[in-house]
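Below: work.json (JSON, C-alpha atoms and all ligand atoms)
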```json
[["chain", "number", "residue", "atom", "x", "y", "z"],
["A", 79, "MET", "CA", 0.00, 0.00, 0.00],
["A", 80, "ASN", "CA", 0.97, 3.60, -0.59],
["A", 81, "PRO", "CA", 4.08, 3.22, -2.76],
["A", 82, "LEU", "CA", 6.51, 6.04, -2.09],
["A", 83, "ASP", "CA", 7.03, 6.67, -5.81],
["A", 84, "ALA", "CA", 3.37, 7.82, -6.12],
["A", 85, "GLN", "CA", 2.98, 6.14, -9.50],
["A", 86, "CYS", "CA", -0.77, 5.83, -9.03],
["A", 87, "ASN", "CA", -2.26, 6.63, -12.41],
["A", 88, "ARG", "CA", -1.24, 3.35, -14.09],
["A", 89, "GLN", "CA", -1.84, -0.33, -13.48],
["A", 90, "ARG", "CA", 0.98, -1.98, -11.53],
["A", 91, "ASN", "CA", 1.49, -5.37, -9.89],
["A", 92, "ASP", "CA", 3.92, -4.43, -7.13],
["A", 93, "ALA", "CA", 1.85, -1.95, -5.13],
["A", 94, "ILE", "CA", -1.61, -0.51, -4.55],
["A", 95, "CYS", "CA", -2.32, 3.19, -4.19],
["A", 96, "VAL", "CA", -5.20, 4.27, -2.00],
["A", 97, "SER", "CA", -6.71, 5.98, -5.04],
["A", 98, "GLN", "CA", -6.88, 2.57, -6.76],
["A", 99, "LEU", "CA", -9.10, 1.05, -4.07],
["A", 100, "LYS", "CA", -12.81, 0.75, -4.89],
["A", 101, "ASN", "CA", -15.55, 1.91, -2.56],
["A", 102, "ALA", "CA", -18.08, -0.72, -1.49],
["A", 103, "LEU", "CA", -20.70, 2.01, -1.06],
["A", 104, "GLU", "CA", -22.41, 4.27, -3.53],
["A", 105, "ILE", "CA", -20.86, 7.74, -3.86],
["A", 106, "ASP", "CA", -22.73, 11.05, -3.69],
["A", 107, "ARG", "CA", -23.23, 11.98, -7.36],
["A", 108, "GLY", "CA", -22.21, 15.56, -6.69],
["A", 109, "ILE", "CA", -18.75, 14.37, -5.71],
["A", 110, "LEU", "CA", -18.39, 12.61, -9.05],
["A", 111, "SER", "CA", -19.48, 15.56, -11.17],
["A", 112, "GLU", "CA", -16.66, 17.14, -13.11],
["A", 113, "LYS", "CA", -16.69, 20.58, -11.50],
["A", 114, "PRO", "CA", -16.75, 20.94, -7.70],
["A", 115, "ASP", "CA", -18.38, 24.04, -6.17],
["A", 116, "VAL", "CA", -15.19, 24.99, -4.32],
["A", 117, "LYS", "CA", -11.63, 24.11, -5.30],
["A", 118, "ILE", "CA", -8.83, 24.72, -2.81],
["A", 119, "PHE", "CA", -5.14, 24.25, -3.56],
["A", 120, "LEU", "CA", -3.08, 23.73, -0.41],
["A", 121, "PRO", "CA", 0.68, 23.62, -0.90],
["A", 122, "PHE", "CA", 2.62, 22.85, 2.26],
["A", 123, "ARG", "CA", 6.28, 23.17, 3.12],
["A", 124, "PHE", "CA", 8.74, 24.01, 5.87],
["A", 125, "PHE", "CA", 10.18, 27.43, 6.57],
["A", 126, "VAL", "CA", 13.78, 27.37, 7.81],
["A", 127, "TYR", "CA", 14.83, 30.10, 10.23],
["A", 128, "ARG", "CA", 18.21, 31.72, 10.26],
["A", 129, "ALA", "CA", 19.50, 31.53, 13.83],
["A", 130, "GLU", "CA", 19.96, 35.31, 14.00],
["A", 131, "ASP", "CA", 16.28, 35.84, 13.11],
["A", 132, "LEU", "CA", 15.01, 33.13, 15.41],
["A", 133, "PHE", "CA", 16.84, 34.13, 18.58],
["A", 134, "GLN", "CA", 16.06, 37.84, 18.69],
["A", 135, "PRO", "CA", 15.97, 39.31, 22.22],
["A", 136, "ASN", "CA", 12.50, 39.42, 23.79],
["A", 137, "THR", "CA", 10.93, 37.09, 21.27],
["A", 138, "TYR", "CA", 9.93, 33.50, 21.53],
["A", 139, "ASN", "CA", 9.33, 31.88, 18.17],
["A", 140, "ARG", "CA", 8.24, 28.29, 18.23],
["A", 141, "PHE", "CA", 10.23, 25.91, 16.08],
["A", 142, "LEU", "CA", 11.23, 22.30, 15.66],
["A", 143, "VAL", "CA", 14.81, 21.13, 15.23],
["A", 144, "ALA", "CA", 14.83, 18.73, 12.29],
["A", 145, "PRO", "CA", 17.30, 15.81, 12.15],
["A", 146, "THR", "CA", 19.34, 17.93, 9.73],
["A", 147, "GLY", "CA", 19.73, 20.58, 12.46],
["A", 148, "ASP", "CA", 17.47, 23.05, 10.65],
["A", 149, "HIS", "CA", 15.14, 25.13, 12.84],
["A", 150, "VAL", "CA", 11.81, 24.96, 11.06],
["A", 151, "ILE", "CA", 8.10, 25.79, 11.19],
["A", 152, "SER", "CA", 5.38, 24.52, 8.84],
["A", 153, "LEU", "CA", 3.48, 26.56, 6.31],
["A", 154, "ILE", "CA", 0.27, 25.60, 4.52],
["A", 155, "ASP", "CA", -0.42, 28.03, 1.70],
["A", 156, "GLU", "CA", 2.33, 30.20, 3.26],
["A", 157, "ILE", "CA", 0.60, 30.35, 6.67],
["A", 158, "SER", "CA", 1.70, 28.75, 9.93],
["A", 159, "TYR", "CA", -1.38, 27.95, 11.98],
["A", 160, "LEU", "CA", -1.85, 29.55, 15.38],
["A", 161, "SER", "CA", -4.65, 28.38, 17.66],
["A", 162, "ALA", "CA", -7.31, 30.96, 18.44],
["A", 163, "PRO", "CA", -7.33, 32.29, 22.04],
["A", 164, "ALA", "CA", -10.84, 30.90, 22.70],
["A", 165, "PRO", "CA", -12.83, 27.93, 21.37],
["A", 166, "LEU", "CA", -14.44, 28.69, 18.03],
["A", 167, "THR", "CA", -17.55, 26.60, 18.44],
["A", 168, "SER", "CA", -18.68, 28.07, 21.75],
["A", 169, "GLN", "CA", -17.03, 31.53, 21.85],
["A", 170, "TYR", "CA", -16.67, 32.65, 18.26],
["A", 171, "ASN", "CA", -17.68, 36.22, 19.04],
["A", 172, "ASP", "CA", -14.91, 36.55, 21.64],
["A", 173, "ILE", "CA", -12.26, 36.21, 18.92],
["A", 174, "ASN", "CA", -10.88, 39.23, 17.14],
["A", 175, "PRO", "CA", -11.72, 38.73, 13.43],
["A", 176, "GLU", "CA", -8.16, 39.85, 12.62],
["A", 177, "GLN", "CA", -6.94, 36.64, 14.24],
["A", 178, "PHE", "CA", -8.18, 34.74, 11.16],
["A", 179, "CYS", "CA", -6.46, 34.57, 7.81],
["A", 180, "ASN", "CA", -6.12, 32.49, 4.69],
["A", 181, "GLY", "CA", -4.26, 32.53, 1.40],
["A", 182, "ASP", "CA", -6.55, 35.21, -0.05],
["A", 183, "ASN", "CA", -6.58, 37.25, 3.12],
["A", 184, "ARG", "CA", -3.17, 37.51, 4.75],
["A", 185, "PRO", "CA", -2.41, 40.03, 7.48],
["A", 186, "ALA", "CA", -0.44, 43.01, 6.19],
["A", 187, "ASP", "CA", 3.34, 42.61, 6.57],
["A", 188, "CYS", "CA", 2.89, 39.07, 7.75],
["A", 189, "GLY", "CA", 6.36, 38.12, 6.60],
["A", 190, "PRO", "CA", 7.79, 34.77, 5.53],
["A", 191, "ASN", "CA", 6.81, 33.08, 8.84],
["A", 192, "CYS", "CA", 3.20, 34.26, 8.71],
["A", 193, "MET", "CA", 1.33, 33.13, 11.83],
["A", 194, "CYS", "CA", -2.44, 33.44, 12.25],
["A", 195, "THR", "CA", -5.50, 31.22, 12.60],
["A", 196, "HIS", "CA", -5.76, 29.81, 9.09],
["A", 197, "LYS", "CA", -9.46, 29.42, 8.32],
["A", 198, "ILE", "CA", -11.21, 28.78, 5.02],
["A", 199, "ASP", "CA", -14.96, 29.41, 4.80],
["A", 200, "ILE", "CA", -17.05, 26.87, 2.94],
["A", 201, "PRO", "CA", -20.76, 27.17, 2.12],
["A", 202, "LEU", "CA", -22.90, 24.48, 3.70],
["A", 203, "ASN", "CA", -23.56, 21.59, 1.30],
["A", 204, "ALA", "CA", -20.94, 22.65, -1.25],
["A", 205, "ILE", "CA", -18.94, 20.01, -3.07],
["A", 206, "VAL", "CA", -15.37, 20.76, -2.03],
["A", 207, "GLU", "CA", -12.23, 19.65, -3.80],
["A", 208, "VAL", "CA", -8.90, 19.99, -2.00],
["A", 209, "VAL", "CA", -5.59, 19.55, -3.80],
["A", 210, "LEU", "CA", -2.71, 18.99, -1.38],
["A", 211, "VAL", "CA", 0.70, 19.68, -2.90],
["A", 212, "ASP", "CA", 3.90, 18.50, -1.22],
["A", 213, "GLU", "CA", 6.45, 21.29, -1.38],
["A", 214, "VAL", "CA", 8.42, 19.82, 1.52],
["A", 215, "GLN", "CA", 10.32, 17.57, -0.86],
["A", 216, "GLN", "CA", 11.88, 15.48, 1.86],
["A", 217, "PRO", "CA", 12.64, 12.08, 0.25],
["A", 218, "ASN", "CA", 10.58, 9.23, 1.76],
["A", 219, "LEU", "CA", 8.54, 11.62, 3.92],
["A", 220, "SER", "CA", 4.79, 11.48, 3.19],
["A", 221, "HIS", "CA", 2.67, 13.80, 5.30],
["A", 222, "PRO", "CA", -0.54, 12.10, 6.54],
["A", 223, "PHE", "CA", -3.31, 14.70, 6.30],
["A", 224, "HIS", "CA", -6.37, 14.14, 8.45],
["A", 225, "LEU", "CA", -9.73, 15.90, 8.22],
["A", 226, "HIS", "CA", -12.10, 16.07, 11.18],
["A", 227, "GLY", "CA", -15.85, 15.84, 10.68],
["A", 228, "TYR", "CA", -15.86, 14.04, 7.35],
["A", 229, "GLY", "CA", -14.88, 11.07, 5.31],
["A", 230, "PHE", "CA", -13.56, 12.28, 1.95],
["A", 231, "SER", "CA", -13.28, 10.61, -1.44],
["A", 232, "VAL", "CA", -9.73, 10.10, -2.65],
["A", 233, "ILE", "CA", -10.01, 11.12, -6.30],
["A", 234, "GLY", "CA", -6.37, 11.12, -7.32],
["A", 235, "ILE", "CA", -2.80, 10.68, -6.15],
["A", 236, "GLY", "CA", 0.22, 11.34, -8.27],
["A", 237, "ARG", "CA", 3.34, 13.16, -9.25],
["A", 238, "SER", "CA", 4.01, 15.48, -12.14],
["A", 239, "PRO", "CA", 3.82, 13.62, -15.46],
["A", 240, "ASP", "CA", 6.41, 16.09, -16.74],
["A", 241, "SER", "CA", 9.76, 14.37, -16.14],
["A", 242, "SER", "CA", 11.65, 17.64, -16.66],
["A", 243, "VAL", "CA", 9.97, 19.00, -13.51],
["A", 244, "LYS", "CA", 12.15, 17.85, -10.64],
["A", 245, "LYS", "CA", 10.06, 19.41, -7.86],
["A", 246, "ILE", "CA", 6.33, 19.95, -7.78],
["A", 247, "ASN", "CA", 4.99, 23.23, -6.38],
["A", 248, "LEU", "CA", 1.73, 25.17, -6.32],
["A", 249, "LYS", "CA", 2.39, 26.92, -9.63],
["A", 250, "HIS", "CA", 3.10, 23.67, -11.41],
["A", 251, "ALA", "CA", 0.09, 21.92, -9.84],
["A", 252, "LEU", "CA", -2.17, 24.78, -11.00],
["A", 253, "ASP", "CA", -0.67, 24.47, -14.46],
["A", 254, "LEU", "CA", -1.27, 20.70, -14.52],
["A", 255, "ASP", "CA", -4.86, 21.29, -13.43],
["A", 256, "ARG", "CA", -5.44, 23.85, -16.19],
["A", 257, "ARG", "CA", -4.11, 21.36, -18.73],
["A", 258, "GLY", "CA", -6.28, 18.53, -17.36],
["A", 259, "LEU", "CA", -3.19, 16.62, -16.22],
["A", 260, "LEU", "CA", -3.96, 16.25, -12.52],
["A", 261, "HIS", "CA", -4.96, 12.63, -12.17],
["A", 262, "ARG", "CA", -8.63, 12.20, -11.19],
["A", 263, "GLN", "CA", -10.65, 9.02, -11.32],
["A", 264, "TYR", "CA", -14.35, 8.80, -10.58],
["A", 265, "ASN", "CA", -14.99, 5.05, -10.48],
["A", 266, "LEU", "CA", -16.02, 4.31, -6.87],
["A", 267, "PRO", "CA", -13.25, 6.33, -5.20],
["A", 268, "PRO", "CA", -12.50, 5.12, -1.65],
["A", 269, "THR", "CA", -13.59, 7.05, 1.44],
["A", 270, "LYS", "CA", -10.88, 7.97, 3.96],
["A", 271, "ASP", "CA", -10.35, 10.50, 6.72],
["A", 272, "THR", "CA", -6.55, 10.46, 6.48],
["A", 273, "ILE", "CA", -4.35, 10.36, 3.40],
["A", 274, "ALA", "CA", -0.58, 10.34, 2.99],
["A", 275, "VAL", "CA", 0.51, 12.92, 0.43],
["A", 276, "PRO", "CA", 3.39, 11.35, -1.48],
["A", 277, "ASN", "CA", 6.73, 13.07, -1.40],
["A", 278, "ASN", "CA", 7.02, 15.44, -4.37],
["A", 279, "GLY", "CA", 3.41, 14.62, -5.28],
["A", 280, "TYR", "CA", -0.19, 15.62, -4.80],
["A", 281, "VAL", "CA", -3.54, 14.29, -3.60],
["A", 282, "VAL", "CA", -6.96, 15.31, -4.91],
["A", 283, "LEU", "CA", -9.79, 14.71, -2.44],
["A", 284, "ARG", "CA", -13.46, 15.66, -2.36],
["A", 285, "PHE", "CA", -16.35, 15.76, 0.05],
["A", 286, "ARG", "CA", -19.81, 17.26, 0.39],
["A", 287, "ALA", "CA", -19.68, 19.88, 3.14],
["A", 288, "ASP", "CA", -22.89, 18.76, 4.84],
["A", 289, "ASN", "CA", -21.60, 18.82, 8.42],
["A", 290, "PRO", "CA", -21.54, 22.43, 9.69],
["A", 291, "GLY", "CA", -18.89, 23.61, 12.11],
["A", 292, "PHE", "CA", -15.18, 24.27, 12.55],
["A", 293, "TRP", "CA", -13.13, 21.31, 11.36],
["A", 294, "LEU", "CA", -9.43, 20.94, 11.79],
["A", 295, "PHE", "CA", -7.51, 19.70, 8.76],
["A", 296, "HIS", "CA", -3.91, 18.85, 9.59],
["A", 297, "CYS", "CA", -0.85, 16.73, 9.06],
["A", 298, "HIS", "CA", -1.03, 14.00, 11.67],
["A", 299, "PHE", "CA", 2.64, 14.03, 12.68],
["A", 300, "LEU", "CA", 2.33, 15.53, 16.15],
["A", 301, "PHE", "CA", 5.56, 17.47, 15.78],
["A", 302, "HIS", "CA", 4.17, 19.07, 12.59],
["A", 303, "ILE", "CA", 0.90, 20.01, 14.32],
["A", 304, "VAL", "CA", 2.74, 22.03, 16.95],
["A", 305, "ILE", "CA", 4.68, 24.00, 14.33],
["A", 306, "GLY", "CA", 1.60, 24.99, 12.35],
["A", 307, "MET", "CA", 0.77, 22.34, 9.73],
["A", 308, "ASN", "CA", -2.97, 22.81, 10.30],
["A", 309, "LEU", "CA", -5.92, 24.84, 9.16],
["A", 310, "ILE", "CA", -9.63, 25.11, 9.91],
["A", 311, "LEU", "CA", -12.43, 24.57, 7.44],
["A", 312, "GLN", "CA", -15.46, 26.50, 8.62],
["A", 313, "VAL", "CA", -18.50, 24.91, 7.02],
["A", 314, "GLY", "CA", -21.62, 27.05, 7.07],
["A", 315, "THR", "CA", -22.13, 29.80, 9.62],
["A", 316, "ASN", "CA", -22.87, 29.92, 13.33],
["A", 317, "ALA", "CA", -26.57, 29.99, 12.41],
["A", 318, "ASP", "CA", -26.16, 26.42, 11.14],
["A", 319, "LEU", "CA", -24.96, 25.25, 14.56],
["A", 320, "PRO", "CA", -27.07, 24.46, 17.63],
["A", 321, "PRO", "CA", -26.99, 27.24, 20.24],
["A", 322, "VAL", "CA", -24.38, 27.11, 22.99],
["A", 323, "PRO", "CA", -26.04, 25.61, 26.09],
["A", 324, "PRO", "CA", -26.77, 28.16, 28.83],
["A", 325, "GLY", "CA", -24.01, 28.30, 31.45],
["A", 326, "PHE", "CA", -21.55, 26.47, 29.19],
["A", 327, "PRO", "CA", -18.00, 26.92, 30.59],
["A", 328, "THR", "CA", -15.88, 29.56, 28.92],
["A", 329, "CYS", "CA", -12.17, 30.18, 28.69],
["A", 330, "GLY", "CA", -9.91, 32.85, 27.27],
["A", 331, "ASP", "CA", -6.41, 33.78, 26.28],
["A", 332, "HIS", "CA", -3.79, 32.16, 28.49],
["A", 333, "THR", "CA", -0.70, 32.85, 26.41],
["A", 334, "PRO", "CA", 0.92, 36.12, 25.42],
["A", 335, "PRO", "CA", 0.66, 36.70, 21.66],
["A", 336, "ILE", "CA", 3.65, 35.47, 19.70],
["A", 337, "PRO", "CA", 5.33, 38.48, 18.13],
["A", 338, "ILE", "CA", 5.52, 38.36, 14.37],
["A", 339, "ASN", "CA", 8.88, 39.47, 13.00],
["A", 401, "CU", "CU", 3.72, 16.79, 8.16]]
```

Rewritten as structure tokens:
Amino acid sequence: MNPLDAQCNRQRNDAICVSQLKNALEIDRGILSEKPDVKIFLPFRFFVYRAEDLFQPNTYNRFLVAPTGDHVISLIDEISYLSAPAPLTSQYNDINPEQFCNGDNRPADCGPNCMCTHKIDIPLNAIVEVVLVDEVQQPNLSHPFHLHGYGFSVIGIGRSPDSSVKKINLKHALDLDRRGLLHRQYNLPPTKDTIAVPNNGYVVLRFRADNPGFWLFHCHFLFHIVIGMNLILQVGTNADLPPVPPGFPTCGDHTPPIPIN
């Protein structure tokens, strides 16, 4: 299962890709229609600090020391996820709207280590397609992305068919998509809630956003979660959620804000 070479768009006898499994259940027809309602490209990579930037006086930047010795954080669509200071489901109105960001809405002067609560808004019941693109490019490292609140259909897994392209990135994935070269197959795609994105490759997944709320979507390596390889999909609005029970416990900010360089 899950061959590291991500050769998933051809028949092979030595391995099985998740995208080649067949679902035993019928699939929502909307998921199998050619055009989804919402298409989201999510490239992810590491950002490597220079020591002189990381260890500024009076700052505390979180980081992970990789086996190579690099001091890194994670970026999804150029944003490193920060948790909100209060729970979104029960205290949404306590959170400063400026806390939230996404690829189309970055804080001004956010810099190369942009930290905010990455949130993408999705209309209730939309057919959503997510294309994860591995820009980490660490050989033999496949990031296992997990979505809360849903099972999703794995529509395609692959690498660039262009052998002159040594490293995939967002720009190239968008170009492949425009040219119809991102691998997608619609014959009983399997349902998963976690998928390993092959090194130097991509995954195309889809789901119907019929479960309202705030759903974390993240790499499941714990040490990647704590350096920001997460985001929130907000499906629907607060009006789609049941009211917060009276007297429900509340909590607030317990950490000083992390200064952004
Ligand atoms: Cu990861």

Smallest atom-to-atom distance to ligand CU 401 (chain A): which of A:Gln215, A:Gln312, A:Ser152, A:Thr269, using only C-alpha atoms and all ligand atoms? A:Ser152

Got a sec to check which residues sit within 8 Å of (-13.0, 36.1, 5.4), counting only C-alpha atoms, and write them as a PyMOL selection string? chain A and resi 178-180+183+198-199

Find the distance between atom CA of A:Val143 and atom CA of A:Ile310 and write it in Å to one decimal.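 These two atoms are separated by 25.3 Å.
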
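Residue nearest A:Arg237, chosen from A:Gln98, A:Thr137, A:Asn278, A:Asn308 and counting all atoms listed in the file: A:Asn278.
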
Within 8 Å of ligand CU 401 (chain A), which residues show up when you count all atoms listed in the file? List them as a PyMOL selection string, please. chain A and resi 152+220-223+297-299+301-303+307

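Closest approach to A:Ile246 from the set A:Pro201, A:Val206, A:Pro121, A:Val150 is made by A:Pro121, with distances taken over all atoms listed in the file.
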
Excluding A:Leu248 and its own-chain neighbours fewer than 4 positions away, which residues fall within 8 Å of it when counting only C-alpha atoms? Please give them as JSON, numbers by chain. {"A": [119, 120, 121, 211, 213, 252]}
